[in-house]
file upload.pdb (PDB, C-alpha atoms)
MODEL        1
ATOM      1  CA  LEU A   1      17.096  -0.981 -29.044  1.00  0.00           C
ATOM      2  CA  ASP A   2      16.017  -4.594 -28.978  1.00  0.00           C
ATOM      3  CA  THR A   3      13.221  -5.714 -26.697  1.00  0.00           C
ATOM      4  CA  ILE A   4      13.481  -6.295 -22.978  1.00  0.00           C
ATOM      5  CA  TRP A   5      13.455 -10.048 -23.594  1.00  0.00           C
ATOM      6  CA  MET A   6      16.889  -9.822 -25.210  1.00  0.00           C
ATOM      7  CA  LEU A   7      19.938 -10.414 -23.034  1.00  0.00           C
ATOM      8  CA  PRO A   8      20.965  -7.069 -21.452  1.00  0.00           C
ATOM      9  CA  LYS A   9      24.436  -7.432 -22.970  1.00  0.00           C
ATOM     10  CA  GLY A  10      22.933  -7.196 -26.469  1.00  0.00           C
ATOM     11  CA  GLY A  11      21.143  -3.915 -25.739  1.00  0.00           C
ATOM     12  CA  ALA A  12      24.284  -2.547 -24.125  1.00  0.00           C
ATOM     13  CA  SER A  13      26.316  -3.353 -27.232  1.00  0.00           C
ATOM     14  CA  GLN A  14      23.766  -1.541 -29.419  1.00  0.00           C
ATOM     15  CA  ALA A  15      23.978   1.541 -27.173  1.00  0.00           C
ATOM     16  CA  ALA A  16      27.792   1.313 -27.226  1.00  0.00           C
ATOM     17  CA  TYR A  17      27.678   1.362 -31.033  1.00  0.00           C
ATOM     18  CA  LEU A  18      25.608   4.575 -30.996  1.00  0.00           C
ATOM     19  CA  ILE A  19      27.864   6.164 -28.385  1.00  0.00           C
ATOM     20  CA  GLY A  20      30.970   5.199 -30.371  1.00  0.00           C
ATOM     21  CA  ASP A  21      29.613   7.025 -33.413  1.00  0.00           C
ATOM     22  CA  ILE A  22      29.480  10.374 -31.555  1.00  0.00           C
ATOM     23  CA  THR A  23      32.599  12.445 -32.144  1.00  0.00           C
ATOM     24  CA  PRO A  24      33.794  15.496 -30.222  1.00  0.00           C
ATOM     25  CA  VAL A  25      33.834  17.555 -33.418  1.00  0.00           C
ATOM     26  CA  ASP A  26      30.064  17.263 -33.804  1.00  0.00           C
ATOM     27  CA  GLN A  27      28.576  20.691 -33.138  1.00  0.00           C
ATOM     28  CA  PHE A  28      25.395  19.302 -31.699  1.00  0.00           C
ATOM     29  CA  THR A  29      24.092  15.768 -31.299  1.00  0.00           C
ATOM     30  CA  ILE A  30      20.611  14.481 -30.458  1.00  0.00           C
ATOM     31  CA  VAL A  31      19.922  10.790 -29.869  1.00  0.00           C
ATOM     32  CA  GLY A  32      16.486   9.616 -28.848  1.00  0.00           C
ATOM     33  CA  GLY A  33      14.080   6.750 -28.984  1.00  0.00           C
ATOM     34  CA  ASP A  34      13.059   3.482 -27.423  1.00  0.00           C
ATOM     35  CA  PHE A  35      16.012   2.134 -25.454  1.00  0.00           C
ATOM     36  CA  ASN A  36      13.944  -0.540 -23.650  1.00  0.00           C
ATOM     37  CA  SER A  37      15.683   0.402 -20.416  1.00  0.00           C
ATOM     38  CA  TRP A  38      13.401  -1.408 -18.035  1.00  0.00           C
ATOM     39  CA  THR A  39      15.658  -1.284 -14.946  1.00  0.00           C
ATOM     40  CA  GLN A  40      17.229   1.661 -13.147  1.00  0.00           C
ATOM     41  CA  GLY A  41      20.614   0.025 -13.727  1.00  0.00           C
ATOM     42  CA  SER A  42      20.102   0.059 -17.504  1.00  0.00           C
ATOM     43  CA  ILE A  43      19.091   3.739 -17.344  1.00  0.00           C
ATOM     44  CA  ASN A  44      22.193   4.514 -15.261  1.00  0.00           C
ATOM     45  CA  ASN A  45      24.368   2.692 -17.828  1.00  0.00           C
ATOM     46  CA  LEU A  46      22.835   4.705 -20.676  1.00  0.00           C
ATOM     47  CA  GLU A  47      23.411   7.968 -18.804  1.00  0.00           C
ATOM     48  CA  ALA A  48      27.024   7.031 -18.063  1.00  0.00           C
ATOM     49  CA  GLY A  49      27.733   5.965 -21.643  1.00  0.00           C
ATOM     50  CA  PHE A  50      26.138   8.957 -23.335  1.00  0.00           C
ATOM     51  CA  GLY A  51      27.519  11.241 -20.608  1.00  0.00           C
ATOM     52  CA  GLY A  52      31.016  10.036 -21.483  1.00  0.00           C
ATOM     53  CA  ALA A  53      30.323  11.177 -25.050  1.00  0.00           C
ATOM     54  CA  GLY A  54      29.256  14.634 -23.823  1.00  0.00           C
ATOM     55  CA  LEU A  55      25.488  14.099 -23.960  1.00  0.00           C
ATOM     56  CA  GLU A  56      22.989  14.500 -21.154  1.00  0.00           C
ATOM     57  CA  ARG A  57      19.583  12.873 -20.712  1.00  0.00           C
ATOM     58  CA  LEU A  58      17.116  15.694 -21.274  1.00  0.00           C
ATOM     59  CA  THR A  59      14.129  13.583 -20.312  1.00  0.00           C
ATOM     60  CA  LYS A  60      15.415  12.603 -16.859  1.00  0.00           C
ATOM     61  CA  LYS A  61      12.416  14.178 -15.093  1.00  0.00           C
ATOM     62  CA  SER A  62       9.757  13.250 -17.667  1.00  0.00           C
ATOM     63  CA  GLY A  63       8.584  10.063 -15.972  1.00  0.00           C
ATOM     64  CA  PRO A  64       7.354   6.727 -17.319  1.00  0.00           C
ATOM     65  CA  THR A  65       6.872   6.268 -21.053  1.00  0.00           C
ATOM     66  CA  PHE A  66       5.110   2.913 -20.723  1.00  0.00           C
ATOM     67  CA  ALA A  67       2.267   1.814 -18.465  1.00  0.00           C
ATOM     68  CA  SER A  68       0.340  -1.446 -18.463  1.00  0.00           C
ATOM     69  CA  SER A  69      -1.393  -3.469 -15.756  1.00  0.00           C
ATOM     70  CA  GLY A  70       0.001  -1.228 -13.016  1.00  0.00           C
ATOM     71  CA  LEU A  71       3.564  -1.479 -14.364  1.00  0.00           C
ATOM     72  CA  LYS A  72       5.188   1.886 -15.163  1.00  0.00           C
ATOM     73  CA  LEU A  73       8.553   1.973 -16.947  1.00  0.00           C
ATOM     74  CA  THR A  74      10.824   4.612 -18.435  1.00  0.00           C
ATOM     75  CA  LEU A  75      11.817   2.918 -21.682  1.00  0.00           C
ATOM     76  CA  ASP A  76      12.333   5.948 -23.925  1.00  0.00           C
ATOM     77  CA  HIS A  77      14.898   8.723 -23.649  1.00  0.00           C
ATOM     78  CA  ILE A  78      16.282  11.782 -25.422  1.00  0.00           C
ATOM     79  CA  PHE A  79      19.978  12.613 -25.030  1.00  0.00           C
ATOM     80  CA  SER A  80      21.740  15.646 -26.464  1.00  0.00           C
ATOM     81  CA  SER A  81      24.790  17.817 -26.268  1.00  0.00           C
ATOM     82  CA  PRO A  82      24.057  20.272 -23.460  1.00  0.00           C
ATOM     83  CA  PRO A  83      21.556  22.800 -24.841  1.00  0.00           C
ATOM     84  CA  ALA A  84      21.370  26.427 -23.711  1.00  0.00           C
ATOM     85  CA  ASP A  85      17.929  25.632 -22.292  1.00  0.00           C
ATOM     86  CA  PHE A  86      15.343  22.882 -22.675  1.00  0.00           C
ATOM     87  CA  ASP A  87      12.020  21.476 -21.571  1.00  0.00           C
ATOM     88  CA  SER A  88      10.776  17.913 -21.962  1.00  0.00           C
ATOM     89  CA  GLY A  89       7.881  15.684 -21.126  1.00  0.00           C
ATOM     90  CA  VAL A  90       5.678  12.736 -21.957  1.00  0.00           C
ATOM     91  CA  TYR A  91       2.342  13.069 -23.741  1.00  0.00           C
ATOM     92  CA  ARG A  92       0.097  10.513 -22.046  1.00  0.00           C
ATOM     93  CA  LEU A  93      -3.151  11.171 -23.955  1.00  0.00           C
ATOM     94  CA  SER A  94      -2.144   9.099 -26.968  1.00  0.00           C
ATOM     95  CA  ASN A  95      -2.934   5.519 -27.919  1.00  0.00           C
ATOM     96  CA  ALA A  96      -0.868   5.415 -31.128  1.00  0.00           C
ATOM     97  CA  SER A  97       1.669   3.035 -29.552  1.00  0.00           C
ATOM     98  CA  ASP A  98       2.195   0.993 -26.418  1.00  0.00           C
ATOM     99  CA  HIS A  99       4.683   3.747 -25.433  1.00  0.00           C
ATOM    100  CA  PHE A 100       3.726   7.338 -24.700  1.00  0.00           C
ATOM    101  CA  PRO A 101       5.278   9.964 -26.999  1.00  0.00           C
ATOM    102  CA  LEU A 102       8.331  11.649 -25.489  1.00  0.00           C
ATOM    103  CA  TRP A 103       9.238  15.202 -26.481  1.00  0.00           C
ATOM    104  CA  ALA A 104      11.946  17.779 -25.902  1.00  0.00           C
ATOM    105  CA  ASP A 105      12.036  21.469 -26.805  1.00  0.00           C
ATOM    106  CA  LEU A 106      15.645  22.656 -27.069  1.00  0.00           C
ATOM    107  CA  GLU A 107      17.248  26.062 -27.334  1.00  0.00           C
ATOM    108  CA  LEU A 108      20.593  25.514 -29.014  1.00  0.00           C
ATOM    109  CA  GLY A 109      22.043  28.956 -28.397  1.00  0.00           C
ATOM    110  CA  ARG A 110      23.385  31.405 -30.902  1.00  0.00           C
ATOM    111  CA  GLU A 111      26.841  31.979 -32.252  1.00  0.00           C
ATOM    112  CA  GLU A 112      27.979  35.544 -31.711  1.00  0.00           C
TER     113      GLU A 112
ENDMDL
END
call {"tool": "encode", "arguments": {"input": "upload.pdb", "output": "structure tokens"}}
result
Amino acid sequence: LDTIWMLPKGGASQAAYLIGDITPVDQFTIVGGDFNSWTQGSINNLEAGFGGAGLERLTKKSGPTFASSGLKLTLDHIFSSPPADFDSGVYRLSNASDHFPLWADLELGREE
């Protein structure tokens, strides 16, 4: 979503657009990326919005995805329909971006 310098309402409207595009008939949905959620309140709003669409934040326990000058922020997230099982994390040994790469390994389950 837009940068942290944008009014929070603008970022919220972009997230609402994504959430509104998720339909209950979708078999499985994954949404991830840089949400620029620099406050706990903005993270809580994302979780509530995507949670209302049936998605959970898989990277809840992954930790900060941005660190600079002692500031550590969780700006990036991966949400999905509840998987059968998953693991996630942040790869902090990269300098390809100002954000650390975020990953999730999902087991989607099998149809019988």
call {"tool": "resolve_selection", "arguments": {"input": "upload.pdb", "expression": "the PyMOL selection byres ((chain A and resi 73-86) around 10)", "output": "ChimeraX atom specification"}}
result
/A:1,4,26-40,42-43,46-47,50-51,53-60,62-68,70-72,87-88,90,99-110
call {"tool": "closest_residue", "arguments": {"input": "upload.pdb", "among": "A:Gly52, A:Asp98, A:Leu93, A:Asn45", "to": "Ser13 (chain A)", "atoms": "only C-alpha atoms"}}
result
A:Asn45
call {"tool": "closest_residue", "arguments": {"input": "upload.pdb", "among": "A:Ser94, A:Ile22, A:Lys61, A:Ala16", "to": "Ala48 (chain A)", "atoms": "all atoms listed in the file"}}
result
A:Ala16
